[in-house]
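Data block below; observations after.
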There are 2 protein chains.
Amino acid sequence: MVTTEQTKVIGTRPIRPDGFDKVTGRALYGADFEMQGLLYGAVKRSPHAHARIVRIDTSKAAALPGVKAVITAADFPDPGTATTRTYRGVEPLHWQLDRIIAGSVALHRGHAVAAVCATDAHVAEDALEAIKVEYALLPPVLSVADALAPDAPILFDNAATAEIKGLFDPIDGRATNIARRATLDLGDIESGFEAADVVIEQEFTTGSAHQGYIEPPNGSALWSGDGKLTVWTSTQGHFAIRQSLADLLQEPLTNIRVIPMEIGGGFGGKTIAYLEPLAAMLSKRSGRPVKLSMSRTEVFEAAGPTSSTVVRVKIGAKRDGTLVAAEAHLSFEAGAFPGSPVTAGAICAFAPYDIPNQYVLGDDIVVNKPKVMAYRAPGAPAAAYAVESVLDELAERLAIDPVQLRLKNAAHEGVRRAGGVAHGSLGCVEVLEAIDASPHYRSELEGENRGRGFAAGFWINGGNESSAYALLNPDGTVSLVVGSVDIGGQRASLAMQFAETMGMPYEDVKPQVSDTDSVGFTATTGGSRTTFATGWAVYEAALDMRRQLEERAAAVWEAEPEDVSYQEGGVIQGPERDGERLQITLKELAAKLPGSGGMIQGRASMNPRGVGSAIAAHVVDIEVDPDTGKVEILRYTAAQDVGRAIHPAYVEGQIQGGAAQGVGMTLNEEYVYDPDGTMRNASFLDYRMPTSLDLPMIETILVEVPNPGHPYGVRGVGEVPIVPPLAAIANAIYDATGLRMRDLPASPTVLLEALLDQAEGSGD
Amino acid sequence: MVTTEQTKVIGTRPIRPDGFDKVTGRALYGADFEMQGLLYGAVKRSPHAHARIVRIDTSKAAALPGVKAVITAADFPDPGTATTRTYRGVEPLHWQLDRIIAGSVALHRGHAVAAVCATDAHVAEDALEAIKVEYALLPPVLSVADALAPDAPILFDNAATAEIKGLFDPIDGRATNIARRATLDLGDIESGFEAADVVIEQEFTTGSAHQGYIEPPNGSALWSGDGKLTVWTSTQGHFAIRQSLADLLQEPLTNIRVIPMEIGGGFGGKTIAYLEPLAAMLSKRSGRPVKLSMSRTEVFEAAGPTSSTVVRVKIGAKRDGTLVAAEAHLSFEAGAFPGSPVTAGAICAFAPYDIPNQYVLGDDIVVNKPKVMAYRAPGAPAAAYAVESVLDELAERLAIDPVQLRLKNAAHEGVRRAGGVAHGSLGCVEVLEAIDASPHYRSELEGENRGRGFAAGFWINGGNESSAYALLNPDGTVSLVVGSVDIGGQRASLAMQFAETMGMPYEDVKPQVSDTDSVGFTATTGGSRTTFATGWAVYEAALDMRRQLEERAAAVWEAEPEDVSYQEGGVIQGPERDGERLQITLKELAAKLPGSGGMIQGRASMNPRGVGSAIAAHVVDIEVDPDTGKVEILRYTAAQDVGRAIHPAYVEGQIQGGAAQGVGMTLNEEYVYDPDGTMRNASFLDYRMPTSLDLPMIETILVEVPNPGHPYGVRGVGEVPIVPPLAAIANAIYDATGLRMRDLPASPTVLLEALLDQAEGSGD
């Protein structure tokens with residue numbers, strides 16, 4: 001572990017401020033919202049994957065005693081041709097509305113078509129039954145192959161709306177199910193491959209996987225008669241929810257207050273509005289507060305998972321292992337609305353490596369499934385799975401150690417990636433060297449049916465806007481107000497950066513996440529941005545406070561401001577007087593503030609450049625049970641460039657969590673669809689996420705290559721650990737069995753079948 | 001009405017942001033607090049006015065099913081000899097604890113001796129019954145006369161604790177019931193009276209009156225197992241409640257968060273903790289959230305009213321009306337703990353006038369009644385009642401118009417008041433001239449049993465600390481966060497000052513009152529300080545935002561910061577470029593902020609000097625019903641120096657409200673005690689506050705003498721209107737009947753008796 005400078009708070013492992021309430025059940029999550037007069041909402045959802053909505057009759061439901069409102073898409077203001085800005089760019093606003101509640105067509109099973117609220121949840125359920133919807137069935141499109149078939153039903157007439165600049169690359173002007181196409185290139189791909197001694201090309205597929213957050217999406221709303229709307233919800237980004245509500249309801253921002261409840265997991269899946277606009281409209285119609293929350297089945301049927309993907313990768317190398325050309329074609333399911341993370345996948349695919357000639361094509365393909373949502377390093381795991389599997393094959397073909405192959409081609413600062421962007425500071429070499437030197441990689445793996453796999457992964461990380469507000473109390477403690485939802489210990493990592501900057505104890509800083517009316521605009525917690533960007537904002541807020549403390553000390557001492565300076569350890573020093581240097585501690589000065597002009601507050605808003613990308617390298621040992629096809633993870637080590645580990649235990653936790661979710665994607669988790677588009681396993685009983693019994697303790701190696709673009713060297717750590725596991729485990733299965741798993745998940749059924757085929761083929 | 005400069009927002013009458021929720025019942029007050037697992041608390045109170053507590057047996061109560069905790073004073077940490085700072089200065093902390101829950105002695109009927117919490121309110125009531133308290137009765141002290149009797153029981157051994165500096169002026173070193181004595185002088189009182197041609201000396205008494213807030217005091221608390229305490233309460237000062245909790249519970253400030261609920265009236269009565277510490281301790285003991293709220297009887301028996309007072313006033317004048325000497329001796333009941341507002345009464349008594357020789361003595365006297373609390377200009381009404389009655393007598397004696405007598409002696413800037421402090425800017429002459437010129441005072445009053453009275457009044461007003469935090473939204477609207485509880489339209493008056501400073505519409509500013517963790521330290525809403533001091537803080541926060549907007553515009557334009565300036569109407573102007581001046585509106589620039597470095601926040605903390613005192617002058621016409629003694633208010637006009645009326649309608653409302661409460665003090669409201677110290681009329685049925693049927697529309701004259709100590713000329717307006725009514729009405733009764741009412745309230749019973757005595761005396 002590289003430590004770059006002496007810090008007092010950063011690098012320690014204090015207790016998180018929200019921990020106690022969370023483990024004792026005191027923390028208030030979205031579904032804990034209560035208010036006098038609260039109504040219970042429920043959502044009527046399409047049983048069909050693709051159907052025109054001919055008629056909705058809500059009259060019987062509305063007449064039920066206890067039912068206070070029934071709404072459909074028609075209750076919302078017509079979005080017309082308005083557009084809205086999402087994290088993917090500008091989109092037609094009607095997509096957002098249609099996604100939340102279907103207009104004329106139900107585009108996936110589980111698509112909302114109406115919503116009700118009633119005095120109790122049972123009446124609300126009865127009301128759903130009483131809503132009569134007449135559908136005209138349309139043929140469903142359920143896979144990339146379905147979507148691209150020549151006679152495929154077309155979900156959106158994208159050729160017709162292509163005038164919305166940048167939204168589409170319609171293929172030859174035809175309407176297709178390819179909603180968007182991204183192309184990234186570098187160098188000259190053709191001559192690159194010509195120069196290669198070895199070329200390997202393979203195709204890989206991955207299935208959808210759900211973020212699997214414990215707490216289902218929810219939303220409660222109170223729309224007061226004076227037009228003021230208050231919304232309580234568990235979300236990664238309450239400012240984004242506010243914007244969404246403002247757009248959909250056509251209300252000014254200032255009329256809407258979104259209060260973030262604690263969040264029971266998000267992983268990218270809680271970055272958009274699902275139920276909040278419905279709760280708001282139900283409240284407007286009923287005049288009462290309304291709470292909505294999804295069941296687990298609704299989560300699976302309506303709250304987007306990752307993309308199912310088809311990724312074709314072709315890599316060319318010199319005999320000595322030098323990579324000279326790389327090409328990929330990524331086809332990502334977007335679900336029922338455009339917007340898969342295919343561009344991110346395309347950027348990340350070859351990013352760990354210095355490859356002079358690249359061509360990457362990414363297609364965003366709409367199908368009749370729930371809209372996909374971001375899921376931890378969205379797009380990158382599927383891309384890395386394909387690339388790192390091919391590299392494993394290449395290493396074998398060239399008889400080079402797989403880590404050495406990567407090291408030979410490792411990207412570093414200044415190297416250009418697909419699309420031509422040059423990397424900033426990047427710890428790729430350092431991470432690969434760390435894994436190479438690790439006891440795990442240096443150990444021998446013995447025993448039958450066992451194998452070891454290795455893979456690396458890259459994630460871009462994000463910057464974006466953050467605000468911070470810090471209030472000094474008269475006893476020298478500080479309340480630290482931020483707008484970043486805490487999904488993984490950010491209260492601690494932010495309070496630590498603040499305390500470090502002030503030279504005060506961590507325990508004297510009390511962080512809290514405030515609502516949209518109470519703290520400056522702050523972008524969504526996601527893209528591994530929070531400890532970086534909000535961390536920077538709290539650093540600046542501390543500097544703002546320090547400057548004022550210097551000024552105040554100068555005033556108290558009647559000294560020149562330039563003779564006063566804030567020193568390490570929260571001591572303010574002034575000029576010498578009577579042979580002694582004037583000095584006062586933060587606590588002492590805080591006590592003097594009320595009488596000398598009032599308390600002091602620090603504030604800052606940032607939209608920082610200098611985002612540091614992340615690199616991870618994982619090695620895994622597994623054992624395949626030849627009788628069941630079950631893969632057991634024997635040992636797992638994850639090395640990662642963490643920039644600067646503010647709170648090492650939480651960084652380790654992020655790495656372990658990411659790896660665990662990657663294991664689930666690789667071995668267990670799967671959406672099983674009927675031909676009509678009905679998910680057959682929409683419960684946690686049948687959708688099998690790994691549990692603690694499925695995983696060993698995941699070992700972590702924190703490599704600290706400080707990000708020069710951040711005052712404390714922070715780079716995001718939360719997402720990249722999910723990128724390598726798919727390929728690492730698939731490569732380990734190959735090592736154990738000789739089978740290349742090119743379709744994930746490699747569930748026991750699939751692997752057993754492959755083992756049986758292999759045995760048959762080999763004449764066993 | 002004097003308007004000093006052109007403003008766009010200040011001086012208009014927009015709708016208050018909290019109005020809709022308040023009139024529709026949506027606003028959440030203290031008793032509306034709900035939480036899962038909430039327990040209901042109740043307080044066991046002493047039935048005796050003065051008794052030693054021999055023993056408390058809580059075992060039966062604790063054993064009742066559903067009871068989760070029973071506490072007594074012994075559950076609180078021993079305050080030892082610690083002191084605490086209140087708005088009256090430093091006090092022993094144990095006074096505060098003893099006030100909230102009795103230690104060894106119950107000092108008034110209704111004094112809390114134990115508290116319980118249970119799963120429902122009925123069980124909690126049963127538990128109170130089950131608590132057995134053994135008392136040893138002590139003789140009660142129920143009036144100033146009782147307290148000063150030579151053999152009076154002594155409530156506190158103040159001679160023994162006199163070493164706490166400044167707390168006592170023990171008379172001759174004896175323990176007495178005089179807890180504190182204030183003396184204020186000016187000039188030479190003896191030679192002053194020697195120079196007088198006329199001297200009048202009279203004694204006056206007033207009874208207690210309750211603030212009569214609609215919402216009883218309350219407090220809910222959740223003490224989490226990790227030591228974090230959250231308290232929800234309706235209070236005028238949540239930061240003061242936090243300090244109180246920190247002191248009493250011996251916890252650091254940072255462990256305590258106080259969330260201010262809406263407040264259903266305060267008038268000074270909700271500036272201290274009553275139930276919050278009990279709720280906190282019950283929560284600590286039970287591990288669950290606990291809610292406490294008083295019944296109306298508890299309000300009367302335990303939540304302090306104004307002082308009962310005895311005030312002796314002696315004024316000497318020259319024949320031409322020039323006042324040359326004034327002396328007063330104020331004896332104020334403090335209730336069961338030291339701390340009556342006698343010093344404020346002493347300061348205000350003669351403050352409207354330029355009297356060269358003064359001597360004022362104020363005694364704070366403990367009695368076995370609930371501790372008195374601040375009530376709108378605390379202390380001043382009783383003092384003004386005596387002074388203005390004597391001036392009325394003097395005017396008659398000298399045959400000078402009562403307004404002219406005051407005008408002749410009116411104080412102005414630079415004149416010293418008792419104690420030697422010189423007045424700042426003061427609109428005394430202007431207000432007296434305004435009332436003199438008013439249609440009401442110029443009109444003739446005709447009819448039998450009718451009379452007109454006049455009186456003036458002074459109030460100091462307060463400054464103290466305030467913070468403000470303003471967040472600019474991307475659409476150019478602003479969330480304005482303040483720590484001042486809104487008891488009378490402050491959200492509006494603060495948003496207006498902010499909007500004015502920014503040159504933006506009032507409707508684009510959304511103010512809110514935040515909790516102790518979410519906004520910088522802000523002193524209690526009281527002392528008519530909020531629109532003044534917090535108004536100044538929001539003004540500074542706007543300037544902070546403007547500076548940053550200038551810097552950002554300069555950055556966007558790539559111009560020199562000194563060439564960019566924020567102009568009226570929210571337009572930022574830059575240098576000329578290509579023959580045209582660069583300019584951008586606030587809204588346009590707000591939209592550009594995310595992409596140019598992030599949003600902008602403004603912040604400020606103030607402890608402003610420059611408090612502007614307030615002067616009021618009221619004239620009232622009444623009619624006395626000779627058969628019942630009932631006084632009917634026929635016409636009432638209140639003129640006041642309001643500095644600058646930010647929102648004239650709310651200023652008028654304050655004046656009308658203050659006058660109405662003054663009418664109640666004068667004619668209706670009364671505490672009726674048994675000899676054993678039991679209040680016999682502890683309900684709103686028997687404690688008769690004036691209703692709308694008792695009052696005419698109170699006419700207001702807003703005199704604007706801008707306070708030079710505030711950027712918008714604001715001086716506090718909320719308290720002074722309660723100062724003149726007592727004397728004005730008493731003087732009107734004299735005018736109507738020839739009877740000087742020297743003891744208030746002048747209830748129908750009292751007045752009828754006086755009329756009958758008068759008739760007897762005159763042989764009628």
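The way I read the labels, and the way they are meant: chains A, B, ... in the order of the structure tokens, residue 1 as the first residue of every chain, and ligand 1 as the first ligand shown, with later ones counted on from there.
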
TODO: Would you list, as an MDAnalysis selection string, the residues of segment 536-653 of chain B that end up in helix (DSSP H, G or I) under DSSP run on this structure's backbone?
DONE: chainID B and resid 536:557 561:563 568:570 586:592 594:596 648:653

- [ ] Restrict the distance test to only C-alpha atoms, flag each residue of chain A within 6 Å of chain B, and return the flagged residues as a count of residues only.
- [x] 11

Task: Those of segment 443-662 of chain B in DSSP strand (DSSP E or B), formatted as a ChimeraX atom specification - done: /B:450-459,466-472,478-482,509-513,565-567,571-577,580-585,601-606,614-624,631-641

Open item on the list: Give me the residues near Arg99 of chain A as a PyMOL selection string, where near means some atom within 9 Å (using only C-alpha atoms) and where sequence neighbours in that chain fewer than 3 positions away do not count.
Closed with: chain A and resi 94-96+102-103+107+111-112+274+336-337+370-371

May I have the selected residues written with N, CA, C and O atoms, as a PDB file, in the first residue's frame?
```pdb
ATOM      1  N   HIS A  94     -41.321  12.400 -23.764  1.00  0.00           N
ATOM      2  CA  HIS A  94     -42.406  11.398 -23.746  1.00  0.00           C
ATOM      3  C   HIS A  94     -41.862   9.996 -23.499  1.00  0.00           C
ATOM      4  O   HIS A  94     -42.565   9.137 -22.988  1.00  0.00           O
ATOM      5  N   TRP A  95     -40.583   9.735 -23.826  1.00  0.00           N
ATOM      6  CA  TRP A  95     -40.009   8.430 -23.469  1.00  0.00           C
ATOM      7  C   TRP A  95     -40.063   8.218 -21.971  1.00  0.00           C
ATOM      8  O   TRP A  95     -40.341   7.136 -21.485  1.00  0.00           O
ATOM      9  N   GLN A  96     -39.705   9.296 -21.253  1.00  0.00           N
ATOM     10  CA  GLN A  96     -39.663   9.164 -19.806  1.00  0.00           C
ATOM     11  C   GLN A  96     -41.071   8.915 -19.254  1.00  0.00           C
ATOM     12  O   GLN A  96     -41.272   8.045 -18.409  1.00  0.00           O
ATOM     13  N   ALA A 102     -47.497   3.651 -19.276  1.00  0.00           N
ATOM     14  CA  ALA A 102     -47.631   3.451 -20.717  1.00  0.00           C
ATOM     15  C   ALA A 102     -48.679   4.378 -21.314  1.00  0.00           C
ATOM     16  O   ALA A 102     -49.737   4.594 -20.722  1.00  0.00           O
ATOM     17  N   GLY A 103     -48.357   4.904 -22.510  1.00  0.00           N
ATOM     18  CA  GLY A 103     -49.320   5.695 -23.253  1.00  0.00           C
ATOM     19  C   GLY A 103     -50.189   4.774 -24.082  1.00  0.00           C
ATOM     20  O   GLY A 103     -51.057   4.077 -23.547  1.00  0.00           O
ATOM     21  N   LEU A 107     -45.097  -1.853 -23.484  1.00  0.00           N
ATOM     22  CA  LEU A 107     -43.874  -2.275 -24.167  1.00  0.00           C
ATOM     23  C   LEU A 107     -43.137  -3.407 -23.465  1.00  0.00           C
ATOM     24  O   LEU A 107     -42.116  -3.883 -23.952  1.00  0.00           O
ATOM     25  N   HIS A 111     -45.157  -3.337 -17.489  1.00  0.00           N
ATOM     26  CA  HIS A 111     -45.238  -1.908 -17.820  1.00  0.00           C
ATOM     27  C   HIS A 111     -46.487  -1.331 -17.133  1.00  0.00           C
ATOM     28  O   HIS A 111     -47.585  -1.843 -17.282  1.00  0.00           O
ATOM     29  N   ALA A 112     -46.307  -0.253 -16.392  1.00  0.00           N
ATOM     30  CA  ALA A 112     -47.435   0.366 -15.695  1.00  0.00           C
ATOM     31  C   ALA A 112     -48.443   0.899 -16.699  1.00  0.00           C
ATOM     32  O   ALA A 112     -48.064   1.511 -17.700  1.00  0.00           O
ATOM     33  N   TYR A 274     -39.270   5.981 -10.890  1.00  0.00           N
ATOM     34  CA  TYR A 274     -40.252   4.952 -11.238  1.00  0.00           C
ATOM     35  C   TYR A 274     -41.623   5.334 -10.692  1.00  0.00           C
ATOM     36  O   TYR A 274     -42.559   5.576 -11.417  1.00  0.00           O
ATOM     37  N   ALA A 336     -37.162  -1.765 -23.105  1.00  0.00           N
ATOM     38  CA  ALA A 336     -38.265  -1.192 -23.871  1.00  0.00           C
ATOM     39  C   ALA A 336     -38.053   0.257 -24.285  1.00  0.00           C
ATOM     40  O   ALA A 336     -38.858   0.802 -25.043  1.00  0.00           O
ATOM     41  N   PHE A 337     -37.014   0.894 -23.793  1.00  0.00           N
ATOM     42  CA  PHE A 337     -36.721   2.269 -24.206  1.00  0.00           C
ATOM     43  C   PHE A 337     -35.240   2.417 -24.480  1.00  0.00           C
ATOM     44  O   PHE A 337     -34.425   1.754 -23.828  1.00  0.00           O
ATOM     45  N   PRO A 370     -38.219  -4.934 -19.567  1.00  0.00           N
ATOM     46  CA  PRO A 370     -38.101  -3.666 -18.825  1.00  0.00           C
ATOM     47  C   PRO A 370     -36.856  -2.913 -19.255  1.00  0.00           C
ATOM     48  O   PRO A 370     -35.830  -3.504 -19.568  1.00  0.00           O
ATOM     49  N   LYS A 371     -36.970  -1.613 -19.268  1.00  0.00           N
ATOM     50  CA  LYS A 371     -35.847  -0.738 -19.611  1.00  0.00           C
ATOM     51  C   LYS A 371     -34.650  -1.082 -18.746  1.00  0.00           C
ATOM     52  O   LYS A 371     -34.762  -1.153 -17.524  1.00  0.00           O
TER      53      LYS A 371
END
```

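Each of B:Asp75, B:Glu388, B:Asp544, B:Asp126 was checked against Ala62 of chain B using only C-alpha atoms; the smallest atom-to-atom distance is that of B:Asp126.
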
Open item on the list: Can you measure atom CA of Val258 of chain B to atom CA of Ala221 of chain B for me? One decimal in Å is fine.
Closed with: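 According to the coordinates, atom CA of Val258 of chain B and atom CA of Ala221 of chain B are separated by 9.0 Å.
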
Please provide as a CSV table (one decimal) with N, CA and C atoms, in the first residue's frame all residues within 9 Å of Gly37 of chain B, with the sequence filter that same-chain residues fewer than 5 positions apart are discarded (counting only C-alpha atoms).
```csv
chain,number,residue,atom,x,y,z
B,119,THR,N,-47.4,2.4,25.9
B,119,THR,CA,-47.8,2.2,24.5
B,119,THR,C,-49.0,2.9,24.1
B,288,ARG,N,-37.2,3.8,22.8
B,288,ARG,CA,-38.2,4.0,21.8
B,288,ARG,C,-38.5,5.5,21.7
B,289,PRO,N,-39.1,5.9,20.5
B,289,PRO,CA,-39.5,7.4,20.4
B,289,PRO,C,-40.6,7.7,21.4
B,290,VAL,N,-40.6,8.8,22.0
B,290,VAL,CA,-41.6,9.2,23.0
B,290,VAL,C,-42.1,10.6,22.7
```

- [ ] Identify, on the basis of only C-alpha atoms, every residue whose closest approach to Gly653 of chain A does not exceed 10 Å; exclude the query and any residue fewer than 2 positions from it along the same chain; express the result as number ranges by chain.
- [x] A: 488-489, 648-651, 655-659, 698, 700, 718

Keeping all heavy atoms, export the residues of the selection given above as a short mmCIF file (atom, residue, chain, number, x, y, z; two decimals), in the first residue's frame.
```cif
data_model
loop_
_atom_site.label_atom_id
_atom_site.label_comp_id
_atom_site.auth_asym_id
_atom_site.auth_seq_id
_atom_site.Cartn_x
_atom_site.Cartn_y
_atom_site.Cartn_z
N GLY A 488 -22.77 3.94 0.36
CA GLY A 488 -21.71 3.00 0.71
C GLY A 488 -20.68 3.57 1.66
O GLY A 488 -19.50 3.23 1.56
N GLY A 489 -21.12 4.41 2.57
CA GLY A 489 -20.17 4.94 3.55
C GLY A 489 -19.70 6.35 3.22
O GLY A 489 -18.73 6.83 3.80
N PRO A 648 -10.13 2.93 4.38
CA PRO A 648 -9.74 1.67 3.73
C PRO A 648 -10.77 0.54 3.90
O PRO A 648 -11.00 -0.22 2.97
CB PRO A 648 -8.42 1.33 4.40
CG PRO A 648 -7.86 2.65 4.85
CD PRO A 648 -9.05 3.47 5.22
N ALA A 649 -11.43 0.47 5.06
CA ALA A 649 -12.37 -0.63 5.27
C ALA A 649 -13.55 -0.52 4.31
O ALA A 649 -14.05 -1.54 3.81
CB ALA A 649 -12.87 -0.63 6.72
N TYR A 650 -13.99 0.70 4.04
CA TYR A 650 -15.13 0.85 3.14
C TYR A 650 -14.70 0.66 1.69
O TYR A 650 -15.50 0.24 0.85
CB TYR A 650 -15.82 2.20 3.35
CG TYR A 650 -16.38 2.36 4.75
CD1 TYR A 650 -16.67 3.60 5.28
CD2 TYR A 650 -16.61 1.23 5.56
CE1 TYR A 650 -17.17 3.73 6.56
CE2 TYR A 650 -17.09 1.36 6.84
CZ TYR A 650 -17.37 2.62 7.35
OH TYR A 650 -17.86 2.75 8.62
N VAL A 651 -13.46 0.98 1.39
CA VAL A 651 -12.93 0.71 0.06
C VAL A 651 -12.87 -0.80 -0.15
O VAL A 651 -13.30 -1.33 -1.18
CB VAL A 651 -11.55 1.37 -0.12
CG1 VAL A 651 -10.91 0.92 -1.43
CG2 VAL A 651 -11.67 2.89 -0.07
N ILE A 655 -14.88 -3.20 -2.92
CA ILE A 655 -14.22 -4.17 -3.80
C ILE A 655 -14.85 -5.55 -3.60
O ILE A 655 -15.16 -6.27 -4.57
CB ILE A 655 -12.70 -4.18 -3.51
CG1 ILE A 655 -12.10 -2.83 -3.91
CG2 ILE A 655 -12.02 -5.35 -4.23
CD1 ILE A 655 -10.62 -2.66 -3.53
N GLN A 656 -15.07 -5.91 -2.35
CA GLN A 656 -15.67 -7.21 -2.06
C GLN A 656 -17.09 -7.28 -2.61
O GLN A 656 -17.49 -8.29 -3.19
CB GLN A 656 -15.65 -7.45 -0.55
CG GLN A 656 -14.22 -7.67 -0.04
CD GLN A 656 -14.06 -7.46 1.46
OE1 GLN A 656 -14.84 -6.74 2.08
NE2 GLN A 656 -13.03 -8.08 2.03
N GLY A 657 -17.84 -6.20 -2.44
CA GLY A 657 -19.21 -6.19 -2.94
C GLY A 657 -19.27 -6.28 -4.45
O GLY A 657 -20.10 -7.01 -5.01
N GLY A 658 -18.40 -5.55 -5.11
CA GLY A 658 -18.37 -5.58 -6.58
C GLY A 658 -18.00 -6.98 -7.08
O GLY A 658 -18.64 -7.51 -8.00
N ALA A 659 -17.00 -7.57 -6.46
CA ALA A 659 -16.58 -8.91 -6.88
C ALA A 659 -17.71 -9.90 -6.65
O ALA A 659 -17.99 -10.76 -7.51
CB ALA A 659 -15.33 -9.33 -6.10
N ILE A 698 -13.20 -12.36 0.34
CA ILE A 698 -12.49 -11.85 -0.83
C ILE A 698 -11.33 -10.98 -0.36
O ILE A 698 -11.53 -10.02 0.37
CB ILE A 698 -13.47 -11.08 -1.74
CG1 ILE A 698 -14.44 -12.11 -2.37
CG2 ILE A 698 -12.75 -10.28 -2.81
CD1 ILE A 698 -15.69 -11.54 -2.95
N THR A 700 -8.32 -8.35 -0.62
CA THR A 700 -8.18 -7.11 -1.40
C THR A 700 -6.75 -6.58 -1.28
O THR A 700 -6.09 -6.74 -0.26
CB THR A 700 -9.14 -6.02 -0.87
OG1 THR A 700 -8.87 -5.82 0.51
CG2 THR A 700 -10.58 -6.42 -1.05
N GLY A 718 -15.91 2.41 -6.42
CA GLY A 718 -17.07 1.54 -6.19
C GLY A 718 -17.44 0.64 -7.35
O GLY A 718 -18.07 -0.39 -7.14
#
```

TODO: Determine, counting only C-alpha atoms, which protein, DNA and RNA residues have an atom within 8 Å of an atom of Asp676 of chain A; residues of the same chain fewer than 5 positions away are not included. Present the result as a list in words.
DONE: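 Contacts, in chain order: His48, Ala49 and Pro140 of chain A.
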